[in-house]
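> Below is the file final_39.txt, with compact mmCIF, C-alpha atoms.
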# COMPACT_ATOMS: atom_id res chain seq x y z
CA MET A 207 118.42 57.78 47.55
CA LEU A 208 115.23 55.91 46.76
CA ARG A 209 114.75 55.20 50.43
CA ILE A 210 115.13 58.85 51.32
CA LEU A 211 112.48 59.73 48.76
CA GLN A 212 110.25 56.98 50.10
CA PHE A 213 110.75 58.28 53.60
CA LEU A 214 109.87 61.82 52.54
CA TYR A 215 106.84 60.51 50.65
CA SER A 216 105.62 58.77 53.76
CA LEU A 217 105.90 62.07 55.60
CA ARG A 218 104.17 64.06 52.85
CA SER A 219 101.12 65.11 54.88
CA PHE A 220 103.29 66.32 57.73
CA LEU A 221 105.56 68.26 55.38
CA LEU A 222 102.56 69.82 53.62
CA PHE A 223 101.13 70.73 57.01
CA VAL A 224 104.36 72.40 58.12
CA LEU A 225 104.63 74.30 54.83
CA LEU A 226 101.06 75.63 54.95
CA GLU A 227 101.33 76.47 58.65
CA VAL A 228 104.49 78.49 58.06
CA LEU A 229 102.73 80.23 55.17
CA ALA A 230 99.77 81.09 57.40
CA ILE A 231 101.99 82.40 60.19
CA GLY A 232 103.88 84.44 57.61
CA LEU A 233 100.57 85.97 56.54
CA ILE A 234 99.65 86.81 60.13
CA VAL A 235 103.00 88.47 60.76
CA SER A 236 103.09 90.42 57.51
CA ASN A 237 99.52 91.58 58.00
CA ASN A 238 100.10 92.80 61.53
CA SER A 239 103.36 94.63 61.04
CA PRO A 240 102.70 98.33 60.60
CA GLN A 241 104.41 98.60 57.24
CA GLY A 242 103.34 95.16 56.04
CA ALA A 243 101.48 95.06 52.78
CA ALA A 244 97.96 93.83 53.36
CA PHE A 245 96.94 92.22 50.09
CA PHE A 246 94.15 89.95 51.19
CA ASN A 247 91.59 91.90 53.08
CA SER A 248 88.08 93.18 52.79
CA SER A 249 89.09 96.18 50.67
CA ASN A 250 89.28 93.75 47.75
CA ALA A 251 86.52 94.51 45.21
CA VAL A 252 84.74 91.15 45.27
CA ILE A 253 84.86 90.72 49.03
CA GLY A 254 83.89 94.34 49.53
CA SER A 255 80.79 93.92 47.39
CA VAL A 256 79.70 90.81 49.30
CA LEU A 257 80.10 92.55 52.64
CA LYS A 258 78.32 95.61 51.27
CA THR A 259 75.28 93.57 50.24
CA ARG A 260 75.19 92.01 53.69
CA SER A 261 75.31 95.42 55.29
CA ASP A 262 72.64 96.81 52.90
CA VAL A 263 70.23 94.24 54.30
CA LEU A 264 71.26 94.67 57.92
CA ASP A 265 71.26 98.47 57.73
CA PHE A 266 67.61 98.41 56.80
CA PHE A 267 66.89 97.54 60.40
CA SER A 268 68.96 100.35 61.86
CA PHE A 269 67.77 103.24 59.69
CA ALA A 270 65.62 104.69 62.43
CA GLN A 271 68.55 104.80 64.81
CA ALA A 272 70.89 106.26 62.18
CA ASN A 273 68.35 108.97 61.32
CA GLU A 274 67.98 109.89 64.93
CA THR A 275 71.70 110.35 65.44
CA LEU A 276 71.96 112.35 62.22
CA ILE A 277 69.18 114.67 63.39
CA LEU A 278 70.95 115.20 66.70
CA GLU A 279 74.20 115.90 64.89
CA ASN A 280 72.44 118.35 62.57
CA ALA A 281 70.96 120.13 65.53
CA ARG A 282 74.36 120.49 67.11
CA LEU A 283 75.85 121.84 63.89
CA LEU A 284 73.01 124.31 63.48
CA GLU A 285 73.73 125.56 66.96
CA GLN A 286 77.37 126.06 66.01
CA ILE A 287 76.46 127.93 62.82
CA LYS A 288 74.32 130.23 64.87
CA SER A 289 77.13 131.07 67.24
CA LEU A 290 79.57 131.53 64.35
CA THR A 291 77.36 133.84 62.32
CA GLN A 292 76.71 136.20 65.21
CA VAL A 293 77.96 139.67 64.50
CA PRO A 294 81.21 140.03 66.45
CA ASP A 295 81.48 142.98 68.77
CA SER A 296 85.16 143.42 68.06
CA LEU A 297 87.40 143.43 65.00
CA PRO A 298 88.07 139.85 63.82
CA ILE A 299 91.60 138.82 62.87
CA PRO A 300 91.50 136.77 59.66
CA LEU A 301 93.43 133.49 59.98
CA ASP A 302 95.87 132.36 57.32
CA SER A 303 93.73 130.43 54.86
CA ALA A 304 96.30 127.62 54.53
CA PHE A 305 96.20 127.12 58.28
CA GLN A 306 92.41 127.24 58.39
CA ALA A 307 92.12 124.42 55.89
CA GLN A 308 94.55 122.13 57.70
CA PHE A 309 91.93 119.43 58.17
CA LYS A 310 89.69 118.11 55.41
CA PHE A 311 86.56 116.18 56.36
CA THR A 312 84.53 113.63 54.48
CA GLY A 313 81.97 110.97 55.34
CA ALA A 314 81.61 107.24 54.71
CA ARG A 315 79.50 104.28 55.63
CA VAL A 316 80.82 101.33 57.65
CA PHE A 317 79.65 98.04 56.29
CA SER A 318 81.73 95.58 58.17
CA ASN A 319 82.90 95.90 61.73
CA SER A 320 84.14 93.53 64.39
CA LEU A 321 84.53 94.10 68.10
CA ARG A 322 85.11 90.75 69.74
CA PHE A 323 88.69 90.06 68.74
CA ALA A 324 91.94 91.53 69.97
CA GLN A 325 92.64 93.08 66.56
CA ASN A 326 89.43 94.56 65.24
CA HIS A 327 88.96 96.14 61.84
CA LEU A 328 86.23 97.97 59.97
CA THR A 329 85.53 98.26 56.26
CA LEU A 330 84.29 101.49 54.67
CA ASN A 331 82.38 101.99 51.43
CA LYS A 332 84.76 104.61 50.02
CA GLY A 333 88.23 104.24 48.59
CA SER A 334 90.99 106.04 46.74
CA LYS A 335 88.43 107.11 44.11
CA ASP A 336 86.80 109.29 46.76
CA GLY A 337 90.08 110.66 48.04
CA LEU A 338 90.68 108.37 50.99
CA LYS A 339 94.27 107.75 51.98
CA PRO A 340 95.97 105.42 54.45
CA GLY A 341 96.49 107.20 57.76
CA MET A 342 93.30 109.26 57.82
CA GLY A 343 91.45 109.43 61.13
CA ILE A 344 87.95 107.97 61.52
CA PHE A 345 85.41 109.30 64.01
CA ASN A 346 81.67 109.70 64.41
CA GLN A 347 79.38 112.04 66.32
CA ASP A 348 80.17 110.31 69.63
CA GLY A 349 83.94 110.04 69.45
CA ILE A 350 86.86 108.56 67.61
CA VAL A 351 86.57 105.21 65.85
CA GLY A 352 89.98 104.40 64.36
CA ARG A 353 92.39 105.02 61.51
CA VAL A 354 92.44 104.04 57.84
CA LYS A 355 94.92 101.23 57.19
CA THR A 356 94.64 100.26 53.52
CA VAL A 357 92.73 101.72 50.62
CA SER A 358 91.60 100.14 47.36
CA GLU A 359 89.76 101.83 44.54
CA ASN A 360 86.28 101.53 46.00
CA TYR A 361 86.72 100.35 49.56
CA SER A 362 89.04 100.82 52.48
CA VAL A 363 89.92 99.00 55.69
CA GLY A 364 90.46 100.78 58.96
CA ILE A 365 92.01 99.71 62.25
CA SER A 366 89.41 100.13 64.93
CA LEU A 367 90.25 101.84 68.22
CA LEU A 368 89.43 98.37 69.56
CA ASN A 369 92.75 97.08 68.28
CA THR A 370 95.59 96.52 70.69
CA GLY A 371 98.01 97.87 68.09
CA LEU A 372 96.55 101.38 67.86
CA LEU A 373 97.75 104.22 70.09
CA VAL A 374 95.91 107.53 70.01
CA SER A 375 97.52 110.65 71.35
CA SER A 376 95.09 112.15 73.84
CA LYS A 377 94.74 114.49 76.78
CA ILE A 378 92.57 115.10 79.81
CA LYS A 379 90.36 118.00 78.80
CA SER A 380 90.24 119.83 82.11
CA THR A 381 93.93 119.61 83.07
CA GLU A 382 95.54 119.38 79.61
CA ASP A 383 97.73 116.45 80.70
CA PHE A 384 98.43 114.18 77.79
CA GLY A 385 98.87 110.44 77.33
CA SER A 386 98.07 107.68 74.89
CA VAL A 387 94.81 105.80 74.66
CA ASN A 388 95.26 102.12 73.91
CA TRP A 389 92.74 99.28 74.04
CA ASP A 390 93.61 96.47 76.44
CA GLY A 391 91.62 93.83 74.54
CA LYS A 392 89.06 93.20 77.27
CA SER A 393 85.73 95.01 77.04
CA SER A 394 84.56 96.76 73.88
CA LYS A 395 83.29 99.64 76.03
CA GLN A 396 86.52 100.45 77.88
CA ALA A 397 90.14 101.30 77.13
CA LYS A 398 93.27 102.37 79.01
CA MET A 399 95.02 105.70 79.04
CA LEU A 400 98.76 105.13 79.22
CA TYR A 401 101.79 107.23 80.14
CA VAL A 402 100.03 109.65 82.49
CA PRO A 403 102.56 110.51 85.22
CA ARG A 404 101.70 109.94 88.87
CA HIS A 405 101.60 113.59 89.84
CA VAL A 406 98.63 114.30 87.57
CA LYS A 407 95.38 114.88 89.42
CA ALA A 408 93.06 112.80 87.28
CA GLN A 409 89.57 112.01 88.55
CA ALA A 410 86.81 109.69 87.54
CA GLY A 411 84.43 111.67 85.33
CA ASP A 412 87.06 113.74 83.51
CA THR A 413 86.67 113.86 79.74
CA ILE A 414 89.42 112.52 77.47
CA VAL A 415 89.82 114.14 74.05
CA THR A 416 92.38 113.88 71.25
CA SER A 417 95.42 116.04 71.82
CA GLY A 418 96.16 117.01 68.23
CA TYR A 419 99.83 116.10 68.76
CA ASN A 420 99.97 113.16 66.40
CA ALA A 421 98.56 115.15 63.50
CA VAL A 422 96.00 112.50 62.59
CA PHE A 423 93.07 113.88 64.53
CA PRO A 424 92.37 117.55 65.12
CA GLU A 425 92.40 118.61 68.74
CA GLY A 426 89.35 118.05 70.89
CA ILE A 427 87.52 115.05 69.44
CA ARG A 428 85.96 113.06 72.25
CA ILE A 429 87.39 109.66 73.20
CA GLY A 430 85.72 108.88 76.49
CA ILE A 431 85.28 109.59 80.18
CA ILE A 432 87.59 108.37 82.94
CA SER A 433 85.89 105.58 84.82
CA SER A 434 88.55 104.87 87.43
CA VAL A 435 92.05 105.97 88.37
CA ASN A 436 94.23 103.37 90.10
CA GLN A 437 97.80 103.43 91.35
CA GLY A 438 98.67 100.39 89.23
CA ASP A 439 101.86 98.38 89.06
CA ASP A 440 104.01 100.77 87.07
CA PRO A 441 106.09 102.99 89.39
CA ASN A 442 105.98 105.95 86.98
CA TYR A 443 102.50 106.05 85.55
CA LEU A 444 98.90 105.97 86.70
CA ASP A 445 96.58 103.15 85.67
CA ILE A 446 93.62 104.96 84.11
CA LEU A 447 90.55 103.14 82.80
CA ILE A 448 88.21 105.05 80.51
CA ASP A 449 84.67 104.42 79.27
CA LEU A 450 84.69 104.94 75.51
CA SER A 451 82.11 107.40 74.26
CA THR A 452 81.69 105.61 70.93
CA ASP A 453 79.35 102.64 70.92
CA PHE A 454 81.32 100.32 68.63
CA SER A 455 78.42 97.94 68.17
CA ARG A 456 76.49 100.72 66.44
CA VAL A 457 79.02 102.40 64.17
CA ASN A 458 77.12 102.96 60.90
CA TYR A 459 78.17 106.28 59.45
CA VAL A 460 81.54 107.86 60.15
CA TYR A 461 83.46 111.01 59.34
CA LEU A 462 87.00 110.89 58.01
CA VAL A 463 89.57 113.55 58.63
CA GLU A 464 92.74 114.17 56.69
CA ASN A 465 95.55 116.43 57.77
CA THR A 466 96.62 118.20 54.59
CA GLN A 467 99.92 119.23 56.12
CA ILE A 468 100.98 115.80 57.31
CA VAL A 469 103.65 115.43 54.61
CA GLU A 470 105.23 118.70 55.62
CA LEU A 471 105.05 117.78 59.31
CA ASP A 472 106.51 114.33 58.71
CA SER A 473 109.44 115.65 56.72
CA LEU A 474 110.06 118.17 59.48
CA TYR A 475 110.07 115.38 62.07
CA ILE A 476 112.49 113.33 59.99
CA LYS A 477 114.81 116.30 59.55
CA SER A 478 114.86 117.02 63.25
CA GLU A 479 115.10 113.30 64.08
CA VAL A 480 111.93 113.19 66.16
CA VAL A 481 110.27 109.80 66.33
CA ASN A 482 106.57 110.45 65.98
CA GLU A 483 104.60 107.51 67.25
CA PHE A 484 101.10 107.31 65.86
CA MET B 40 83.83 59.04 46.92
CA ASN B 41 81.52 59.28 43.96
CA PHE B 42 80.52 62.42 42.12
CA LYS B 43 77.23 62.91 43.94
CA ASN B 44 78.96 62.81 47.31
CA PHE B 45 81.61 65.20 46.08
CA ILE B 46 78.95 67.73 45.09
CA SER B 47 77.12 67.40 48.39
CA TYR B 48 80.32 67.93 50.43
CA THR B 49 81.22 70.97 48.33
CA ILE B 50 77.77 72.48 48.81
CA LEU B 51 77.88 71.83 52.56
CA ILE B 52 81.29 73.49 52.94
CA LEU B 53 80.31 76.51 50.84
CA PHE B 54 76.99 76.85 52.64
CA LEU B 55 78.59 76.70 56.10
CA GLY B 56 81.24 79.18 54.99
CA VAL B 57 78.59 81.65 53.84
CA ILE B 58 76.61 81.22 57.08
CA GLN B 59 79.80 81.81 59.05
CA ILE B 60 80.66 85.00 57.19
CA ILE B 61 77.19 86.50 57.10
CA PHE B 62 75.54 85.51 60.35
CA LEU B 63 78.16 84.26 62.79
CA LYS B 64 80.92 86.79 62.22
CA ASN B 65 79.95 89.14 65.02
CA LEU B 66 78.18 86.60 67.18
CA ALA B 67 79.74 86.10 70.58
CA LEU B 68 77.72 84.86 73.53
CA PHE B 69 78.56 86.96 76.61
CA GLY B 70 81.43 88.38 74.59
CA VAL B 71 83.52 85.24 75.02
CA ALA B 72 81.83 82.28 73.31
CA PHE B 73 82.40 82.44 69.55
CA CYS B 74 80.91 80.07 67.03
CA PHE B 75 83.05 78.46 64.33
CA LEU B 76 80.30 76.46 62.66
CA TYR B 77 82.19 76.16 59.37
CA LEU B 78 84.50 73.62 61.04
CA LEU B 79 81.60 71.18 60.71
CA GLY B 80 82.36 71.13 56.98
CA ILE B 81 85.87 69.80 57.67
CA LEU B 82 84.82 67.47 60.48
CA ASN B 83 82.08 65.95 58.33
CA LEU B 84 84.37 64.84 55.47
CA PRO B 85 84.51 61.05 55.06
CA ILE B 86 86.83 59.07 57.33
CA PRO B 87 89.02 57.44 54.64
CA ILE B 88 89.88 60.77 52.91
CA SER B 89 93.65 61.04 52.62
CA ASN B 90 95.59 63.70 54.46
CA VAL B 91 96.91 65.79 51.61
CA PRO B 92 93.55 66.83 50.09
CA LEU B 93 92.12 67.27 53.59
CA ILE B 94 94.87 69.72 54.57
CA LEU B 95 94.60 71.56 51.25
CA ILE B 96 90.80 71.92 51.55
CA SER B 97 91.11 73.28 55.10
CA PHE B 98 93.84 75.70 54.09
CA GLY B 99 91.65 77.08 51.29
CA LEU B 100 88.57 77.30 53.50
CA GLY B 101 90.52 78.99 56.29
CA LEU B 102 91.95 81.54 53.88
CA ALA B 103 88.50 82.29 52.46
CA VAL B 104 87.02 82.85 55.92
CA ASP B 105 90.05 84.90 56.96
CA VAL B 106 89.62 87.32 54.08
CA PHE B 107 86.13 88.18 55.26
CA TYR B 108 87.16 88.37 58.91
CA ASP B 109 90.13 90.66 58.18
CA THR B 110 92.23 88.34 60.34
CA ILE B 111 94.39 87.04 57.55
CA GLY B 112 96.27 83.88 58.50
CA ILE B 113 94.69 83.23 61.88
CA HIS B 114 91.81 81.02 60.76
CA THR B 115 94.09 79.47 58.15
CA ALA B 116 96.72 78.41 60.67
CA SER B 117 94.15 77.05 63.10
CA VAL B 118 92.09 75.10 60.55
CA THR B 119 95.21 73.62 58.98
CA LEU B 120 96.36 72.40 62.37
CA MET B 121 92.94 70.95 63.11
CA SER B 122 92.78 69.04 59.84
CA PHE B 123 96.30 67.74 60.42
CA LEU B 124 95.27 66.39 63.82
CA ARG B 125 91.97 64.91 62.58
CA PRO B 126 93.29 61.56 61.19
CA TYR B 127 95.36 60.89 64.30
CA TRP B 128 92.46 61.63 66.60
CA LEU B 129 90.13 59.46 64.46
CA LYS B 130 92.61 56.63 64.77
CA ALA B 131 92.92 57.14 68.53
CA ILE B 132 89.20 56.91 69.18
CA SER B 133 88.38 54.22 66.62
CA PRO B 134 86.03 51.56 67.96
CA THR B 135 87.31 47.98 68.24
CA GLY B 136 87.37 46.48 64.78
CA GLY B 137 87.79 49.87 63.10
CA TYR B 138 85.28 51.97 61.21
CA ASP B 139 82.78 50.74 58.66
CA ASP B 140 83.91 51.40 55.11
CA SER B 141 80.99 53.71 54.47
CA ALA B 142 80.86 55.31 57.94
CA LYS B 143 80.73 59.08 58.08
CA PRO B 144 81.97 60.92 61.16
CA ASN B 145 78.70 62.71 61.87
CA LEU B 146 76.05 62.67 64.55
CA PRO B 147 73.24 60.65 62.92
CA GLU B 148 75.58 57.77 62.14
CA MET B 149 77.87 57.64 65.13
CA GLY B 150 75.74 58.86 68.02
CA ILE B 151 76.08 61.82 70.32
CA VAL B 152 78.71 60.40 72.71
CA TRP B 153 81.12 59.44 69.98
CA TYR B 154 80.49 62.65 68.07
CA THR B 155 81.19 64.86 71.09
CA SER B 156 84.38 63.02 71.94
CA TYR B 157 85.41 63.32 68.29
CA SER B 158 84.62 66.98 67.65
CA PHE B 159 85.24 68.65 71.00
CA PRO B 160 89.03 68.10 71.29
CA LEU B 161 89.57 69.06 67.65
CA ILE B 162 87.53 72.25 67.94
CA PHE B 163 89.27 73.01 71.23
CA ALA B 164 92.67 72.67 69.54
CA PHE B 165 91.42 74.99 66.80
CA SER B 166 90.18 77.60 69.29
CA LEU B 167 93.36 77.43 71.33
CA VAL B 168 95.49 78.28 68.29
CA PHE B 169 92.96 80.84 67.10
CA PHE B 170 92.82 82.84 70.32
CA THR B 171 96.54 82.52 70.98
CA ALA B 172 97.24 84.06 67.59
CA ASP B 173 94.49 86.66 68.02
CA GLN B 174 95.61 87.82 71.46
CA TRP B 175 99.33 87.49 70.84
CA GLY B 176 101.17 89.75 73.25
CA SER B 177 98.02 91.00 74.93
CA GLY B 178 95.75 89.13 77.29
CA GLY B 179 96.90 86.34 79.53
CA PHE B 180 97.03 82.59 79.16
CA PHE B 181 93.86 82.05 81.18
CA GLY B 182 91.87 84.44 79.03
CA VAL B 183 92.83 82.39 75.98
CA VAL B 184 91.93 79.08 77.61
CA TYR B 185 88.65 80.47 78.95
CA LYS B 186 87.59 81.84 75.57
CA SER B 187 88.66 78.63 73.79
CA LEU B 188 86.78 76.40 76.19
CA LEU B 189 83.52 78.35 75.98
CA SER B 190 83.81 78.80 72.22
CA SER B 191 84.37 75.11 71.62
CA ILE B 192 81.43 74.17 73.84
CA PHE B 193 79.21 76.63 71.97
CA THR B 194 80.43 75.42 68.57
CA VAL B 195 79.92 71.75 69.45
CA VAL B 196 76.41 72.42 70.77
CA LEU B 197 75.44 74.42 67.70
CA SER B 198 76.93 71.84 65.34
CA ILE B 199 74.94 69.10 67.11
CA ILE B 200 71.75 71.14 66.73
CA VAL B 201 72.46 71.76 63.03
CA GLN B 202 73.03 68.07 62.43
CA LEU B 203 69.88 67.05 64.31
CA LEU B 204 67.84 69.48 62.25
CA PHE B 205 69.29 69.15 58.78
CA PHE B 206 71.27 65.93 58.37
CA LYS B 207 69.41 62.96 56.96
CA ARG B 208 69.41 59.93 59.20
CA ARG B 209 70.44 56.79 57.39
CA ARG B 210 67.71 54.19 57.40
CA GLU B 211 68.76 51.52 59.83
CA ILE B 212 68.45 47.92 58.75
CA ARG B 213 68.07 45.44 61.53
Please express what this file holds, its structure, as structure tokens.

Amino acid sequence: MLRILQFLYSLRSFLLFVLLEVLAIGLIVSNNSPQGAAFFNSSNAVIGSVLKTRSDVLDFFSFAQANETLILENARLLEQIKSLTQVPDSLPIPLDSAFQAQFKFTGARVFSNSLRFAQNHLTLNKGSKDGLKPGMGIFNQDGIVGRVKTVSENYSVGISLLNTGLLVSSKIKSTEDFGSVNWDGKSSKQAKMLYVPRHVKAQAGDTIVTSGYNAVFPEGIRIGIISSVNQGDDPNYLDILIDLSTDFSRVNYVYLVENTQIVELDSLYIKSEVVNEF
Amino acid sequence: MNFKNFISYTILILFLGVIQIIFLKNLALFGVAFCFLYLLGILNLPIPISNVPLILISFGLGLAVDVFYDTIGIHTASVTLMSFLRPYWLKAISPTGGYDDSAKPNLPEMGIVWYTSYSFPLIFAFSLVFFTADQWGSGGFFGVVYKSLLSSIFTVVLSIIVQLLFFKRRREIR
């Protein structure tokens, strides 16, 4: 017995190593599974405040750029207001107010963002106190950015579109053919559009927008422009490469969108046994 | 290890960790060469340190960096592996007659050739685990090796520069 204990004692560093390594791998796995609870991440209050201070300093240098994009966005919105407030020349049909308010929008600031890994995340300066919930869509004036993953009281962490685990339901704007946009982990400026059948006439230069099918994003938010269409290896689907319209190295301010009817939709899907893949 | 040394190692590790989180987090040369400068804190610990505290320190440091990177577990697993390999590698490359009692495994004391042959394989092992875990299921084997190789070269070069600039050279007595 004593010799067994002595033997184990002589192996203590190896055993400790194995134990900690298994613990670390367990953390990786639990953090990357979709339902896994993510306890340690940058939505924690202390870590959030450190990252926020860092971003306060760094943002000082990008104010000019941020202002410029905000002005452009304002101009675009003003244009829309103008077209909406024009006196209609025919009788308008009032929409059901519940349907009109299906999507709720809010804004937030990104203060931590990565784009060089295969699983990129971003941290936002708003949390459950401001009404953020896991599952909300994130986009900015150029296109979509990602989805909210976890929320704490003051901060939240989102999965970036530059994350090989995120699929976004999308369609080609001109032909209305739909597919899923997924990042292939290579360049931060490009992604792939998957599951587009071979008969679809897709061309380089076509715009890709969200389809509105997955109920996270409203229909018609820009994702990117097709850069090339190849025959690819898969016998059923085209190999489509798209240039993302969002510049992920300059994501400062983002909009968040919440589908207020997602609970109703989800329960409907469960009842009818439809598997809805986000 | 006396108290003064203990404080100076703690400050070095904390300082490198902060630099890593604040300045080096999004740094990637040509999009492939990452810098893991905080590994210098582990590599610089004294040679006779026993394995158990070494592994525990690396685990804690890896976890702390992971939390800020939002890559929970990946840094931790890689740093723990690196610190486990460190004593064996030190033994493998020990000069004839072994190390001096007071020798530290850093550049000013051991010279650039020894330091490179000491740090490069360890950092390469770290990067290999790091990128394998990061690109699990996506990206091929060669992408992982390519990124690891360039990242470890970049890290070694930067750690050599840091040591040349900031580490005190021991006065040589001849």
> Have a look at B:Glu148, B:Asp105, B:Asp140, B:Asp173 and name the one nearest to Asn369 in chain A; count all atoms listed in the file.
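For Asn369 in chain A, the nearest of the given residues is B:Asp173.
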> Just the number, please: distance in Å from CA of Phe42 in chain B to CA of Phe206 in chain B, one decimal.
19.0 Å
> Please check the contacts: residues of chain B at most 9 Å away from chain A, using all atoms listed in the file, listed as a ChimeraX atom specification.
/B:60-61,64-67,70-71,73,89-91,94-95,98,102,105-117,119-120,122-123,170,172-175,177-178
> Based on the selection just made, write C-alpha atoms of those residues as an mmCIF file, in the frame of the given file.

data_model
loop_
_atom_site.group_PDB
_atom_site.id
_atom_site.type_symbol
_atom_site.label_atom_id
_atom_site.label_comp_id
_atom_site.auth_asym_id
_atom_site.auth_seq_id
_atom_site.Cartn_x
_atom_site.Cartn_y
_atom_site.Cartn_z
ATOM 1 C CA ILE B 60 80.660 85.000 57.190
ATOM 2 C CA ILE B 61 77.190 86.500 57.100
ATOM 3 C CA LYS B 64 80.920 86.790 62.220
ATOM 4 C CA ASN B 65 79.950 89.140 65.020
ATOM 5 C CA LEU B 66 78.180 86.600 67.180
ATOM 6 C CA ALA B 67 79.740 86.100 70.580
ATOM 7 C CA GLY B 70 81.430 88.380 74.590
ATOM 8 C CA VAL B 71 83.520 85.240 75.020
ATOM 9 C CA PHE B 73 82.400 82.440 69.550
ATOM 10 C CA SER B 89 93.650 61.040 52.620
ATOM 11 C CA ASN B 90 95.590 63.700 54.460
ATOM 12 C CA VAL B 91 96.910 65.790 51.610
ATOM 13 C CA ILE B 94 94.870 69.720 54.570
ATOM 14 C CA LEU B 95 94.600 71.560 51.250
ATOM 15 C CA PHE B 98 93.840 75.700 54.090
ATOM 16 C CA LEU B 102 91.950 81.540 53.880
ATOM 17 C CA ASP B 105 90.050 84.900 56.960
ATOM 18 C CA VAL B 106 89.620 87.320 54.080
ATOM 19 C CA PHE B 107 86.130 88.180 55.260
ATOM 20 C CA TYR B 108 87.160 88.370 58.910
ATOM 21 C CA ASP B 109 90.130 90.660 58.180
ATOM 22 C CA THR B 110 92.230 88.340 60.340
ATOM 23 C CA ILE B 111 94.390 87.040 57.550
ATOM 24 C CA GLY B 112 96.270 83.880 58.500
ATOM 25 C CA ILE B 113 94.690 83.230 61.880
ATOM 26 C CA HIS B 114 91.810 81.020 60.760
ATOM 27 C CA THR B 115 94.090 79.470 58.150
ATOM 28 C CA ALA B 116 96.720 78.410 60.670
ATOM 29 C CA SER B 117 94.150 77.050 63.100
ATOM 30 C CA THR B 119 95.210 73.620 58.980
ATOM 31 C CA LEU B 120 96.360 72.400 62.370
ATOM 32 C CA SER B 122 92.780 69.040 59.840
ATOM 33 C CA PHE B 123 96.300 67.740 60.420
ATOM 34 C CA PHE B 170 92.820 82.840 70.320
ATOM 35 C CA ALA B 172 97.240 84.060 67.590
ATOM 36 C CA ASP B 173 94.490 86.660 68.020
ATOM 37 C CA GLN B 174 95.610 87.820 71.460
ATOM 38 C CA TRP B 175 99.330 87.490 70.840
ATOM 39 C CA SER B 177 98.020 91.000 74.930
ATOM 40 C CA GLY B 178 95.750 89.130 77.290
#
> Could you tell me how far CA of Ser187 in chain B sits from CA of Phe159 in chain B, in Å to one decimal place?
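Computing it gives 10.9 Å between the two atoms.
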> Take CA of Phe69 in chain B and CA of Leu367 in chain A and report the distance between them in Å, one decimal.
20.7 Å
> Within 7 Å of (82.8, 70.1, 73.0) (coordinates as in the file), grab all the protein and nucleic acid residues, counting all atoms listed in the file, and write them out as a PyMOL selection string.
chain B and resi 155+158-160+191-192+195
> Given all atoms listed in the file as the basis, pick out the residue of B:Leu203, B:Leu68, B:Met149, B:Ile96 nearest to Met121 in chain B.
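Under the stated criterion, the closest residue is B:Ile96.
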> For Ala397 in chain A, please output as a list in words all residues within 7 Å (counting all atoms listed in the file; exclusion window: fewer than 3 positions along the same chain).
Val387, Asn388, Trp389, Asp390, Leu447, Ile448, Asp449 and Leu450 of chain A
> Determine, counting only C-alpha atoms, which protein, DNA and RNA residues have an atom within 10 Å of an atom of range 417-425 of chain A; residues of the same chain fewer than 5 positions away are not included. Present the result as number ranges by chain.
A: 308-309, 341-345, 350, 352-353, 373-379, 382-386, 462-468, 471-472, 482-484
> For Ile427 in chain A, which residue among A:Leu474, A:Leu278, A:Leu284, A:Val351 is the nearest when counting all atoms listed in the file?
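Using all atoms listed in the file, Ile427 in chain A sits closest to A:Val351.
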> So which residues fall inside 8 Å of (90.9, 108.4, 82.9) if we count all atoms listed in the file? Mind giving them as JSON, numbers by chain?
{"A": [378, 398, 399, 408, 409, 410, 411, 412, 413, 414, 431, 432, 433, 434, 435, 446, 447, 448]}
> List as a PyMOL selection string the protein and nucleic acid residues near Gly349 in chain A, meaning an atom at most 6 Å away when all atoms listed in the file are counted, but skip any in the same chain fewer than 4 places from it.
chain A and resi 345+428-429+451-452
> Env of Leu124 in chain B: 9 Å cut, atoms = all atoms listed in the file, seq-sep filter 5 positions within chain, self excluded. Answer as a compact mmCIF listing (two decimals) with C-alpha atoms, in the frame of the given file.

# COMPACT_ATOMS: atom_id res chain seq x y z
CA THR B 119 95.21 73.62 58.98
CA LEU B 129 90.13 59.46 64.46
CA LEU B 161 89.57 69.06 67.65
CA ALA B 164 92.67 72.67 69.54
> Go through B:Ile81, B:Gln202, B:Ala72, B:Lys130 one by one, measure the shortest atom-to-atom distance of each to Val183 in chain B using only C-alpha atoms, and give the residue with the smallest value.
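The closest residue to Val183 in chain B is B:Ala72.
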